[in-house]
$ cat run_13.pdb   # PDB, C-alpha atoms
ATOM      1  CA  MET D   1       7.393 -11.057  -3.686
ATOM      2  CA  ASN D   2      10.850  -9.510  -3.822
ATOM      3  CA  TYR D   3      11.382  -7.364  -0.723
ATOM      4  CA  LYS D   4      13.956  -5.235  -2.506
ATOM      5  CA  HIS D   5      11.196  -4.163  -4.884
ATOM      6  CA  LEU D   6       9.014  -3.400  -1.856
ATOM      7  CA  HIS D   7      11.831  -1.285  -0.410
ATOM      8  CA  TYR D   8      12.076   0.774  -3.608
ATOM      9  CA  PHE D   9       8.304   1.266  -3.576
ATOM     10  CA  PHE D  10       8.475   2.342   0.085
ATOM     11  CA  GLN D  11      11.154   4.952  -0.636
ATOM     12  CA  VAL D  12       9.246   6.390  -3.612
ATOM     13  CA  ALA D  13       6.041   6.600  -1.589
ATOM     14  CA  LYS D  14       7.707   8.210   1.440
ATOM     15  CA  LEU D  15       9.964  10.607  -0.472
ATOM     16  CA  GLY D  16       7.274  11.709  -2.885
ATOM     17  CA  GLY D  17       8.613  10.592  -6.252
ATOM     18  CA  VAL D  18      10.995   8.457  -8.280
ATOM     19  CA  LEU D  19      13.574  11.224  -8.740
ATOM     20  CA  ARG D  20      13.957  11.897  -5.034
ATOM     21  CA  ALA D  21      14.101   8.195  -4.298
ATOM     22  CA  SER D  22      16.783   7.705  -6.951
ATOM     23  CA  GLU D  23      18.890  10.454  -5.377
ATOM     24  CA  HIS D  24      18.419   8.948  -1.928
ATOM     25  CA  LEU D  25      19.233   5.404  -3.072
ATOM     26  CA  HIS D  26      21.969   6.474  -5.545
ATOM     27  CA  MET D  27      20.251   4.632  -8.364
ATOM     28  CA  SER D  28      18.927   5.728 -11.725
ATOM     29  CA  PRO D  29      15.231   6.664 -11.960
ATOM     30  CA  GLN D  30      14.809   4.117 -14.745
ATOM     31  CA  THR D  31      16.066   1.308 -12.506
ATOM     32  CA  ILE D  32      13.695   2.229  -9.686
ATOM     33  CA  SER D  33      10.736   2.558 -12.055
ATOM     34  CA  GLY D  34      11.525  -0.863 -13.455
ATOM     35  CA  GLN D  35      11.717  -2.421  -9.975
ATOM     36  CA  ILE D  36       8.355  -0.943  -8.981
ATOM     37  CA  GLN D  37       6.833  -2.248 -12.195
ATOM     38  CA  LEU D  38       8.053  -5.738 -11.271
ATOM     39  CA  LEU D  39       6.425  -5.364  -7.848
ATOM     40  CA  GLU D  40       3.143  -4.285  -9.451
ATOM     41  CA  GLU D  41       3.278  -7.301 -11.752
ATOM     42  CA  ALA D  42       3.917  -9.596  -8.771
ATOM     43  CA  LEU D  43       0.931  -8.126  -6.904
ATOM     44  CA  GLY D  44      -1.238  -7.932  -9.989
ATOM     45  CA  THR D  45      -2.291  -4.309  -9.510
ATOM     46  CA  ALA D  46      -1.076  -0.734  -9.954
ATOM     47  CA  LEU D  47       0.382   0.986  -6.908
ATOM     48  CA  PHE D  48       0.821   4.490  -8.364
ATOM     49  CA  ILE D  49      -1.104   6.686 -10.760
ATOM     50  CA  LYS D  50       0.146   9.826 -12.457
ATOM     51  CA  SER D  51      -0.844  13.057 -10.731
ATOM     52  CA  GLY D  52       0.341  16.129 -12.611
ATOM     53  CA  ARG D  53       4.093  15.782 -12.926
ATOM     54  CA  GLY D  54       4.306  13.398 -10.008
ATOM     55  CA  LEU D  55       2.840  10.166  -8.735
ATOM     56  CA  ALA D  56       0.019   9.441  -6.318
ATOM     57  CA  LEU D  57      -0.729   6.213  -4.499
ATOM     58  CA  THR D  58      -3.715   4.161  -5.559
ATOM     59  CA  ASP D  59      -6.001   2.733  -2.869
ATOM     60  CA  THR D  60      -4.049  -0.511  -3.120
ATOM     61  CA  GLY D  61      -0.816   1.468  -2.947
ATOM     62  CA  ARG D  62      -1.881   2.994   0.354
ATOM     63  CA  LEU D  63      -2.703  -0.469   1.674
ATOM     64  CA  VAL D  64       0.696  -1.792   0.586
ATOM     65  CA  LEU D  65       2.422   1.238   2.138
ATOM     66  CA  GLY D  66       0.866   0.439   5.506
ATOM     67  CA  TYR D  67       2.212  -3.101   5.381
ATOM     68  CA  ALA D  68       5.599  -1.899   4.122
ATOM     69  CA  GLU D  69       5.910   0.503   7.063
ATOM     70  CA  SER D  70       5.251  -2.358   9.482
ATOM     71  CA  ILE D  71       7.647  -4.728   7.697
ATOM     72  CA  PHE D  72      10.557  -2.293   7.652
ATOM     73  CA  SER D  73       9.828  -1.104  11.189
ATOM     74  CA  ILE D  74      10.003  -4.695  12.410
ATOM     75  CA  GLY D  75      13.203  -5.177  10.386
ATOM     76  CA  ALA D  76      14.781  -2.173  12.117
ATOM     77  CA  GLU D  77      13.683  -3.517  15.495
ATOM     78  CA  LEU D  78      15.222  -6.887  14.627
ATOM     79  CA  GLU D  79      18.560  -5.273  13.776
ATOM     80  CA  GLU D  80      18.506  -3.285  17.006
ATOM     81  CA  ALA D  81      17.585  -6.321  19.097
ATOM     82  CA  VAL D  82      20.364  -8.432  17.577
ATOM     83  CA  ARG D  83      22.867  -5.596  17.946
ATOM     84  CA  ASP D  84      21.977  -5.117  21.624
ATOM     85  CA  TYR D  85      21.739  -8.819  22.446
ATOM     86  CA  PRO D  86      25.391  -9.484  23.407
ATOM     87  CA  SER D  87      25.452  -6.630  25.926
ATOM     88  CA  LYS D  88      21.881  -6.611  27.197
ATOM     89  CA  GLY D  89      20.836 -10.225  26.838
ATOM     90  CA  LYS D  90      17.438 -11.228  25.503
ATOM     91  CA  LEU D  91      14.990  -8.337  25.626
ATOM     92  CA  LEU D  92      11.306  -8.869  26.268
ATOM     93  CA  GLU D  93       9.442  -6.712  23.768
ATOM     94  CA  PHE D  94       6.122  -5.247  24.790
ATOM     95  CA  ARG D  95       4.033  -3.553  22.104
ATOM     96  CA  VAL D  96       1.231  -1.470  23.545
ATOM     97  CA  GLY D  97      -1.333   0.716  21.806
ATOM     98  CA  VAL D  98      -2.913   3.657  23.626
ATOM     99  CA  ALA D  99      -6.258   5.008  22.410
ATOM    100  CA  ASP D 100      -5.924   8.726  21.763
ATOM    101  CA  ALA D 101      -8.767   9.529  24.181
ATOM    102  CA  VAL D 102      -6.802   8.180  27.166
ATOM    103  CA  PRO D 103      -5.136  11.004  29.174
ATOM    104  CA  LYS D 104      -1.364  10.891  28.700
ATOM    105  CA  THR D 105      -0.663  10.898  32.440
ATOM    106  CA  ILE D 106      -3.000   7.936  32.984
ATOM    107  CA  ALA D 107      -1.322   6.083  30.106
ATOM    108  CA  CYS D 108       2.132   6.703  31.588
ATOM    109  CA  ARG D 109       1.042   5.603  35.054
ATOM    110  CA  LEU D 110      -0.504   2.442  33.604
ATOM    111  CA  ILE D 111       2.465   1.509  31.411
ATOM    112  CA  GLU D 112       5.168   2.309  33.986
ATOM    113  CA  PRO D 113       4.925  -1.022  35.914
ATOM    114  CA  ALA D 114       5.857  -2.881  32.705
ATOM    115  CA  SER D 115       9.255  -1.141  32.782
ATOM    116  CA  GLN D 116       9.949  -2.264  36.335
ATOM    117  CA  LEU D 117      10.160  -6.008  35.740
ATOM    118  CA  GLN D 118      13.361  -7.791  36.700
ATOM    119  CA  GLU D 119      14.009  -8.877  33.125
ATOM    120  CA  PRO D 120      14.953  -6.190  30.565
ATOM    121  CA  VAL D 121      11.944  -4.893  28.617
ATOM    122  CA  ARG D 122      11.744  -2.885  25.417
ATOM    123  CA  ILE D 123       8.427  -1.015  25.252
ATOM    124  CA  VAL D 124       7.037   0.043  21.877
ATOM    125  CA  CYS D 125       4.126   2.488  22.183
ATOM    126  CA  ARG D 126       1.588   3.356  19.496
ATOM    127  CA  GLU D 127      -1.145   5.964  19.859
ATOM    128  CA  TRP D 128      -4.111   6.071  17.481
ATOM    129  CA  LYS D 129      -7.867   5.697  17.184
ATOM    130  CA  LEU D 130      -9.248   2.715  19.082
ATOM    131  CA  ASP D 131     -10.628   0.882  16.031
ATOM    132  CA  THR D 132      -7.251   1.132  14.258
ATOM    133  CA  LEU D 133      -5.405  -0.173  17.320
ATOM    134  CA  LEU D 134      -7.832  -3.080  17.616
ATOM    135  CA  GLY D 135      -7.080  -3.988  14.004
ATOM    136  CA  GLU D 136      -3.363  -4.025  14.848
ATOM    137  CA  LEU D 137      -4.107  -6.170  17.905
ATOM    138  CA  ALA D 138      -6.036  -8.663  15.773
ATOM    139  CA  LEU D 139      -3.013  -8.950  13.462
ATOM    140  CA  HIS D 140      -0.766  -9.625  16.492
ATOM    141  CA  ARG D 141       1.173  -6.404  15.924
ATOM    142  CA  LEU D 142       0.268  -5.280  19.441
ATOM    143  CA  ASP D 143       0.268  -7.164  22.727
ATOM    144  CA  LEU D 144      -2.194  -4.853  24.447
ATOM    145  CA  VAL D 145      -4.472  -1.868  23.841
ATOM    146  CA  ILE D 146      -5.243   0.604  26.637
ATOM    147  CA  SER D 147      -8.592   2.306  26.152
ATOM    148  CA  ASP D 148     -11.177   4.460  27.929
ATOM    149  CA  ALA D 149     -13.941   2.222  26.568
ATOM    150  CA  PRO D 150     -14.483  -1.516  25.990
ATOM    151  CA  ILE D 151     -14.403  -3.026  22.520
ATOM    152  CA  PRO D 152     -17.147  -1.304  20.460
ATOM    153  CA  SER D 153     -19.961  -3.620  19.398
ATOM    154  CA  ALA D 154     -19.462  -2.538  15.781
ATOM    155  CA  VAL D 155     -15.847  -3.774  15.750
ATOM    156  CA  SER D 156     -15.571  -7.486  14.917
ATOM    157  CA  VAL D 157     -12.306  -8.300  16.683
ATOM    158  CA  GLN D 158     -11.809 -11.460  18.704
ATOM    159  CA  ALA D 159     -10.360  -9.876  21.851
ATOM    160  CA  PHE D 160     -11.177  -9.511  25.532
ATOM    161  CA  ASN D 161     -11.768  -6.546  27.847
ATOM    162  CA  HIS D 162      -9.929  -6.473  31.169
ATOM    163  CA  LYS D 163     -11.203  -3.595  33.278
ATOM    164  CA  LEU D 164      -8.342  -1.758  34.968
ATOM    165  CA  GLY D 165     -10.447   0.570  37.074
ATOM    166  CA  SER D 166     -12.638   3.639  37.086
ATOM    167  CA  CYS D 167     -12.895   6.998  38.796
ATOM    168  CA  GLY D 168     -14.950  10.155  38.807
ATOM    169  CA  VAL D 169     -13.873  13.481  37.361
ATOM    170  CA  SER D 170     -12.662  16.682  38.974
ATOM    171  CA  PHE D 171     -13.150  20.189  37.637
ATOM    172  CA  PHE D 172     -10.115  22.475  37.428
ATOM    173  CA  ALA D 173      -9.697  26.210  36.993
ATOM    174  CA  SER D 174      -6.758  28.587  36.634
ATOM    175  CA  PRO D 175      -6.421  31.452  39.160
ATOM    176  CA  SER D 176      -8.025  33.940  36.749
ATOM    177  CA  VAL D 177     -11.076  31.734  36.116
ATOM    178  CA  LEU D 178     -11.220  30.735  39.778
ATOM    179  CA  SER D 179     -11.586  34.344  40.920
ATOM    180  CA  ALA D 180     -14.662  34.741  38.733
ATOM    181  CA  THR D 181     -16.374  31.588  40.054
ATOM    182  CA  SER D 182     -15.306  31.548  43.722
ATOM    183  CA  THR D 183     -18.409  33.384  44.957
ATOM    184  CA  VAL D 184     -20.713  30.501  43.962
ATOM    185  CA  ARG D 185     -20.511  26.980  45.366
ATOM    186  CA  PHE D 186     -19.790  23.941  43.223
ATOM    187  CA  PRO D 187     -21.482  22.742  41.035
ATOM    188  CA  ASP D 188     -23.635  25.856  40.600
ATOM    189  CA  CYS D 189     -20.480  27.820  39.734
ATOM    190  CA  LEU D 190     -20.358  25.910  36.431
ATOM    191  CA  ASP D 191     -23.566  27.529  35.177
ATOM    192  CA  GLY D 192     -22.570  30.170  32.650
ATOM    193  CA  ALA D 193     -18.846  29.664  33.326
ATOM    194  CA  PRO D 194     -16.397  29.192  30.426
ATOM    195  CA  MET D 195     -15.702  25.495  29.975
ATOM    196  CA  ILE D 196     -13.507  23.243  27.852
ATOM    197  CA  LEU D 197     -15.364  20.001  27.166
ATOM    198  CA  PRO D 198     -14.086  16.605  25.987
ATOM    199  CA  ALA D 199     -15.168  15.632  22.481
ATOM    200  CA  GLU D 200     -18.873  14.885  22.273
ATOM    201  CA  GLU D 201     -18.315  11.380  20.869
ATOM    202  CA  SER D 202     -15.944  10.360  23.667
ATOM    203  CA  ALA D 203     -17.217   8.234  26.560
ATOM    204  CA  VAL D 204     -16.481  10.860  29.216
ATOM    205  CA  GLY D 205     -17.801  13.621  26.950
ATOM    206  CA  LYS D 206     -21.206  11.932  26.704
ATOM    207  CA  ARG D 207     -21.400  11.295  30.451
ATOM    208  CA  LEU D 208     -20.341  14.830  31.326
ATOM    209  CA  ARG D 209     -22.960  16.403  29.063
ATOM    210  CA  ALA D 210     -25.653  14.136  30.516
ATOM    211  CA  TRP D 211     -24.638  15.091  34.059
ATOM    212  CA  LEU D 212     -24.665  18.806  33.262
ATOM    213  CA  GLY D 213     -28.117  18.442  31.717
ATOM    214  CA  ALA D 214     -29.440  16.538  34.732
ATOM    215  CA  LYS D 215     -28.153  19.317  37.001
ATOM    216  CA  SER D 216     -29.652  22.028  34.738
ATOM    217  CA  LEU D 217     -26.192  23.521  34.359
ATOM    218  CA  HIS D 218     -25.374  25.403  31.169
ATOM    219  CA  PRO D 219     -21.700  26.350  30.988
ATOM    220  CA  ARG D 220     -20.433  28.534  28.171
ATOM    221  CA  VAL D 221     -18.534  26.067  25.992
ATOM    222  CA  VAL D 222     -15.405  27.807  24.712
ATOM    223  CA  ALA D 223     -13.690  24.718  23.249
ATOM    224  CA  GLU D 224     -14.068  20.986  22.640
ATOM    225  CA  CYS D 225     -10.901  18.894  22.599
ATOM    226  CA  ASP D 226     -10.171  15.324  21.542
ATOM    227  CA  ASP D 227      -6.800  15.591  23.268
ATOM    228  CA  SER D 228      -7.055  15.915  27.054
ATOM    229  CA  ALA D 229      -3.507  17.316  27.213
ATOM    230  CA  LEU D 230      -4.574  20.189  24.936
ATOM    231  CA  ALA D 231      -7.639  20.834  27.112
ATOM    232  CA  LYS D 232      -5.418  21.058  30.192
ATOM    233  CA  GLU D 233      -3.012  23.440  28.476
ATOM    234  CA  LEU D 234      -5.873  25.702  27.373
ATOM    235  CA  GLY D 235      -7.260  25.557  30.892
ATOM    236  CA  ARG D 236      -3.873  26.442  32.348
ATOM    237  CA  ARG D 237      -3.839  29.542  30.173
ATOM    238  CA  GLY D 238      -7.182  30.661  31.577
ATOM    239  CA  MET D 239      -9.495  29.818  28.688
ATOM    240  CA  GLY D 240     -11.944  27.943  30.883
ATOM    241  CA  ILE D 241     -12.720  25.165  33.351
ATOM    242  CA  PHE D 242     -11.670  21.653  32.310
ATOM    243  CA  VAL D 243     -12.092  18.144  33.700
ATOM    244  CA  GLY D 244      -9.631  15.393  34.541
ATOM    245  CA  PRO D 245      -9.625  12.039  36.353
ATOM    246  CA  THR D 246      -9.967  12.492  40.116
ATOM    247  CA  VAL D 247      -7.164   9.982  40.711
ATOM    248  CA  LEU D 248      -4.829  12.524  39.073
ATOM    249  CA  GLU D 249      -6.180  15.557  40.935
ATOM    250  CA  ARG D 250      -2.976  16.406  42.796
ATOM    251  CA  ASP D 251      -0.788  15.737  39.762
ATOM    252  CA  ILE D 252      -2.904  18.037  37.558
ATOM    253  CA  GLU D 253      -2.917  20.825  40.155
ATOM    254  CA  LYS D 254       0.852  20.659  40.513
ATOM    255  CA  GLN D 255       1.694  20.282  36.821
ATOM    256  CA  TYR D 256      -0.648  22.945  35.432
ATOM    257  CA  GLY D 257      -0.825  25.432  38.303
ATOM    258  CA  VAL D 258      -4.607  25.086  38.581
ATOM    259  CA  ARG D 259      -6.960  24.212  41.409
ATOM    260  CA  ALA D 260      -9.709  21.633  41.672
ATOM    261  CA  ILE D 261     -13.005  23.399  42.363
ATOM    262  CA  GLY D 262     -15.097  20.261  42.788
ATOM    263  CA  ALA D 263     -15.578  16.652  41.777
ATOM    264  CA  THR D 264     -18.323  14.182  40.998
ATOM    265  CA  PRO D 265     -18.337  10.380  40.985
ATOM    266  CA  ALA D 266     -21.400  10.487  38.716
ATOM    267  CA  VAL D 267     -19.275  11.172  35.620
ATOM    268  CA  VAL D 268     -17.225   8.004  35.443
ATOM    269  CA  GLU D 269     -14.011   7.540  33.494
ATOM    270  CA  GLU D 270     -13.280   3.868  32.860
ATOM    271  CA  PHE D 271     -10.064   2.318  31.627
ATOM    272  CA  PHE D 272      -9.582  -1.063  29.999
ATOM    273  CA  ALA D 273      -6.752  -3.323  28.935
ATOM    274  CA  ILE D 274      -7.786  -5.107  25.737
ATOM    275  CA  SER D 275      -5.882  -8.222  24.698
ATOM    276  CA  ILE D 276      -6.348 -11.282  22.552
ATOM    277  CA  GLU D 277      -5.844 -13.368  25.683
ATOM    278  CA  ARG D 278      -8.841 -14.269  27.801
ATOM    279  CA  ARG D 279      -6.439 -15.232  30.565
ATOM    280  CA  ILE D 280      -3.537 -12.804  30.848
ATOM    281  CA  THR D 281      -0.096 -14.430  30.565
ATOM    282  CA  HIS D 282       2.201 -11.709  29.189
ATOM    283  CA  PRO D 283       4.313 -10.483  32.157
ATOM    284  CA  CYS D 284       4.017  -6.825  31.136
ATOM    285  CA  VAL D 285       0.231  -7.047  30.864
ATOM    286  CA  THR D 286       0.111  -8.789  34.236
ATOM    287  CA  ALA D 287       2.184  -6.013  35.808
ATOM    288  CA  ILE D 288      -0.063  -3.322  34.320
ATOM    289  CA  THR D 289      -3.359  -4.885  35.396
ATOM    290  CA  GLU D 290      -2.173  -5.697  38.922
ATOM    291  CA  ALA D 291      -0.718  -2.223  39.532
ATOM    292  CA  ALA D 292      -3.833  -0.522  38.162
ATOM    293  CA  ARG D 293      -6.169  -2.480  40.401
ATOM    294  CA  THR D 294      -4.059  -2.446  43.573
ATOM    295  CA  GLN D 295      -2.537   1.044  43.332
ATOM    296  CA  LEU D 296      -3.825   3.607  40.824
ATOM    297  CA  PHE D 297      -7.548   2.812  41.118
ATOM    298  CA  ALA D 298      -7.448   1.032  44.472
ATOM    299  CA  GLU D 299      -8.796   3.713  46.811
ATOM    300  CA  PRO D 300     -12.438   4.822  46.592
ATOM    301  CA  MET D 301     -11.587   8.487  45.929
ATOM    302  CA  ARG D 302     -11.362   9.731  49.504
ATOM    303  CA  ARG D 303     -10.710  13.293  48.378
ATOM    304  CA  GLN D 304     -13.653  13.062  46.011
ATOM    305  CA  ALA D 305     -15.961  11.709  48.720
ATOM    306  CA  LYS D 306     -15.313  14.801  50.815
ATOM    307  CA  ARG D 307     -16.064  17.309  48.059
ATOM    308  CA  SER D 308     -18.225  15.571  45.492
ATOM    309  CA  THR D 309     -21.762  15.969  44.291
ATOM    310  CA  THR D 310     -24.005  13.403  42.622
TER     311      THR D 310
END

$ encode --input "run_13.pdb" --output "structure tokens"
Amino acid sequence: MNYKHLHYFFQVAKLGGVLRASEHLHMSPQTISGQIQLLEEALGTALFIKSGRGLALTDTGRLVLGYAESIFSIGAELEEAVRDYPSKGKLLEFRVGVADAVPKTIACRLIEPASQLQEPVRIVCREWKLDTLLGELALHRLDLVISDAPIPSAVSVQAFNHKLGSCGVSFFASPSVLSATSTVRFPDCLDGAPMILPAEESAVGKRLRAWLGAKSLHPRVVAECDDSALAKELGRRGMGIFVGPTVLERDIEKQYGVRAIGATPAVVEEFFAISIERRITHPCVTAITEAARTQLFAEPMRRQAKRSTT
């Protein structure tokens, strides 16, 4: 396969047509069309189909585009690494995927130790759905995946779970919501109160709903959010009560101007490092797992123990 042909295909796919690609590459449309045809002949399948006056990717075309993005991204990284080598020396590259259900603050706290090694490190972060990240891990495009759940049984990836730690959840409210719930003790104050819940299919979402049901609590659900950062922002603006990891209680209170009204260890948030290594050898992964177990999740939630309910 000629990678120049792949480059022309990539530009047409990203720019939305042969004409735009020809203007960008300063080549004639006929030349680009001919190069893409050669690529299709080499692969033995069509990559585009006509759609109105333009072109649309075939299913195979979308597959090829995914690989092309990775190839040219790696090429750009190679150029940058070679360019920086004389001044910075050899960089250790660490490619980490973060499942989109993992709170951003937790992800940052977990990844941070990898940047504090003595040798220079270049961290490449990817955020996506867990199953997609596990596919990238299986293809050795990632060194590690950070997740709020172990490898799903339905995903056939040869990888290993390394538990980083777990914690309960705290419930947070803005001053306006707090004033309306302050007359009733936690957790009874949740009954009928406006609440922003994690997505129902998420691990913490399932556990939280089960806990509320067991306590016969029926909050008024005003929103469900896949993104925990969005839930916190909505909560900050007074839309309703939201939950967050108890280990981040002080950080959340300070960052969002809210107050924790209670906590429970019964709704557990777990965090895992998933790698293709049974025995961890990558120095960045070692730094992450050690810091998580000895620092972030080390203490048994002393604040939570004082104010929690089971």

$ resolve_selection --input "run_13.pdb" --expression "the PyMOL selection byres ((chain D and resi 103) around 12)" --output "PDB file with C-alpha atoms, in the frame of the given file"
ATOM      1  CA  VAL D  98      -2.913   3.657  23.626  1.00  0.00           C
ATOM      2  CA  ALA D  99      -6.258   5.008  22.410  1.00  0.00           C
ATOM      3  CA  ASP D 100      -5.924   8.726  21.763  1.00  0.00           C
ATOM      4  CA  ALA D 101      -8.767   9.529  24.181  1.00  0.00           C
ATOM      5  CA  VAL D 102      -6.802   8.180  27.166  1.00  0.00           C
ATOM      6  CA  LYS D 104      -1.364  10.891  28.700  1.00  0.00           C
ATOM      7  CA  THR D 105      -0.663  10.898  32.440  1.00  0.00           C
ATOM      8  CA  ILE D 106      -3.000   7.936  32.984  1.00  0.00           C
ATOM      9  CA  ALA D 107      -1.322   6.083  30.106  1.00  0.00           C
ATOM     10  CA  CYS D 108       2.132   6.703  31.588  1.00  0.00           C
ATOM     11  CA  ARG D 109       1.042   5.603  35.054  1.00  0.00           C
ATOM     12  CA  LEU D 110      -0.504   2.442  33.604  1.00  0.00           C
ATOM     13  CA  GLU D 127      -1.145   5.964  19.859  1.00  0.00           C
ATOM     14  CA  ILE D 146      -5.243   0.604  26.637  1.00  0.00           C
ATOM     15  CA  SER D 147      -8.592   2.306  26.152  1.00  0.00           C
ATOM     16  CA  ASP D 148     -11.177   4.460  27.929  1.00  0.00           C
ATOM     17  CA  PRO D 198     -14.086  16.605  25.987  1.00  0.00           C
ATOM     18  CA  VAL D 204     -16.481  10.860  29.216  1.00  0.00           C
ATOM     19  CA  CYS D 225     -10.901  18.894  22.599  1.00  0.00           C
ATOM     20  CA  ASP D 226     -10.171  15.324  21.542  1.00  0.00           C
ATOM     21  CA  ASP D 227      -6.800  15.591  23.268  1.00  0.00           C
ATOM     22  CA  SER D 228      -7.055  15.915  27.054  1.00  0.00           C
ATOM     23  CA  ALA D 229      -3.507  17.316  27.213  1.00  0.00           C
ATOM     24  CA  LEU D 230      -4.574  20.189  24.936  1.00  0.00           C
ATOM     25  CA  ALA D 231      -7.639  20.834  27.112  1.00  0.00           C
ATOM     26  CA  LYS D 232      -5.418  21.058  30.192  1.00  0.00           C
ATOM     27  CA  VAL D 243     -12.092  18.144  33.700  1.00  0.00           C
ATOM     28  CA  GLY D 244      -9.631  15.393  34.541  1.00  0.00           C
ATOM     29  CA  PRO D 245      -9.625  12.039  36.353  1.00  0.00           C
ATOM     30  CA  VAL D 247      -7.164   9.982  40.711  1.00  0.00           C
ATOM     31  CA  LEU D 248      -4.829  12.524  39.073  1.00  0.00           C
ATOM     32  CA  ILE D 252      -2.904  18.037  37.558  1.00  0.00           C
ATOM     33  CA  GLU D 269     -14.011   7.540  33.494  1.00  0.00           C
ATOM     34  CA  GLU D 270     -13.280   3.868  32.860  1.00  0.00           C
ATOM     35  CA  PHE D 271     -10.064   2.318  31.627  1.00  0.00           C
TER      36      PHE D 271
END

$ resolve_selection --input "run_13.pdb" --expression "the PyMOL selection byres ((chain D and resi 285-292) around 9)" --output "list in words"
Phe94, Arg109, Leu110, Ile111, Glu112, Pro113, Ala114, Gln116, Leu117, Asp143, Leu144, His162, Lys163, Leu164, Gly165, Ala273, Ser275, Ile280, Thr281, His282, Pro283, Cys284, Arg293, Thr294, Gln295, Leu296, Phe297 and Ala298 of chain D

$ atom_distance --input "run_13.pdb" --atom1 "atom CA of D:Arg236" --atom2 "atom CA of D:Tyr256"
5.7 Å

$ resolve_selection --input "run_13.pdb" --expression "the PyMOL selection byres ((chain D and resi 239) around 10)" --output "list of chain:residue names"
D:Ala173, D:Ser174, D:Ser176, D:Val177, D:Pro194, D:Met195, D:Ile196, D:Val222, D:Ala223, D:Ala231, D:Lys232, D:Glu233, D:Leu234, D:Gly235, D:Arg236, D:Arg237, D:Gly238, D:Gly240, D:Ile241, D:Phe242

$ closest_residue --input "run_13.pdb" --among "D:Ile261, D:Leu6, D:Leu25, D:Val169" --to "D:Leu38" --atoms "only C-alpha atoms"
D:Leu6

$ atom_distance --input "run_13.pdb" --atom1 "atom CA of D:His24" --atom2 "atom CA of D:Leu57"
19.5 Å

$ axis_aligned_box --input "run_13.pdb" --around "stretch 233-249 of chain D" --padding-each-side "5 Å" --output "AutoDock Vina command-line options"
--center_x -7.9 --center_y 20.3 --center_z 34.2 --size_x 19.7 --size_y 30.7 --size_z 23.6

$ atom_distance --input "run_13.pdb" --atom1 "atom CA of D:Asp191" --atom2 "atom CA of D:Leu208"
13.7 Å

$ residues_around --input "run_13.pdb" --residues "stretch 215-217 of chain D" --least-positions-apart "2" --cutoff "7 Å" --atoms "all atoms listed in the file" --output "list in words"
Leu190, Asp191, Trp211, Leu212, Gly213 and Pro219 of chain D

$ write_last_selection --input "run_13.pdb" --atoms "C-alpha atoms" --output "CSV table (one decimal), in the coordinates of the input"
chain,number,residue,atom,x,y,z
D,190,LEU,CA,-20.4,25.9,36.4
D,191,ASP,CA,-23.6,27.5,35.2
D,211,TRP,CA,-24.6,15.1,34.1
D,212,LEU,CA,-24.7,18.8,33.3
D,213,GLY,CA,-28.1,18.4,31.7
D,219,PRO,CA,-21.7,26.4,31.0

$ residues_near_point --input "run_13.pdb" --point "(-4.6, 2.5, -6.8)" --cutoff "12 Å" --atoms "only C-alpha atoms" --output "compact mmCIF listing (two decimals) with C-alpha atoms, in the frame of the given file"
# COMPACT_ATOMS: atom_id res chain seq x y z
CA GLU D 40 3.14 -4.28 -9.45
CA LEU D 43 0.93 -8.13 -6.90
CA GLY D 44 -1.24 -7.93 -9.99
CA THR D 45 -2.29 -4.31 -9.51
CA ALA D 46 -1.08 -0.73 -9.95
CA LEU D 47 0.38 0.99 -6.91
CA PHE D 48 0.82 4.49 -8.36
CA ILE D 49 -1.10 6.69 -10.76
CA LYS D 50 0.15 9.83 -12.46
CA SER D 51 -0.84 13.06 -10.73
CA LEU D 55 2.84 10.17 -8.74
CA ALA D 56 0.02 9.44 -6.32
CA LEU D 57 -0.73 6.21 -4.50
CA THR D 58 -3.72 4.16 -5.56
CA ASP D 59 -6.00 2.73 -2.87
CA THR D 60 -4.05 -0.51 -3.12
CA GLY D 61 -0.82 1.47 -2.95
CA ARG D 62 -1.88 2.99 0.35
CA LEU D 63 -2.70 -0.47 1.67
CA VAL D 64 0.70 -1.79 0.59
CA LEU D 65 2.42 1.24 2.14

$ closest_residue --input "run_13.pdb" --among "D:Ser202, D:Thr183, D:Gln118, D:Thr246" --to "D:Ser166" --atoms "all atoms listed in the file"
D:Thr246

$ residues_around --input "run_13.pdb" --residues "stretch 66-76 of chain D" --least-positions-apart "4" --cutoff "12 Å" --atoms "all atoms listed in the file" --output "MDAnalysis selection string"
chainID D and resid 3:14 57 59:62 80:83 93 95 124 132 136 139:142

$ residues_around --input "run_13.pdb" --residues "D:Arg250" --least-positions-apart "5" --cutoff "9 Å" --atoms "only C-alpha atoms" --output "list in words"
Gln255, Arg259 and Ala260 of chain D

$ closest_residue --input "run_13.pdb" --among "D:Ser182, D:Leu92, D:Ala210, D:Arg279" --to "D:Pro120" --atoms "all atoms listed in the file"
D:Leu92
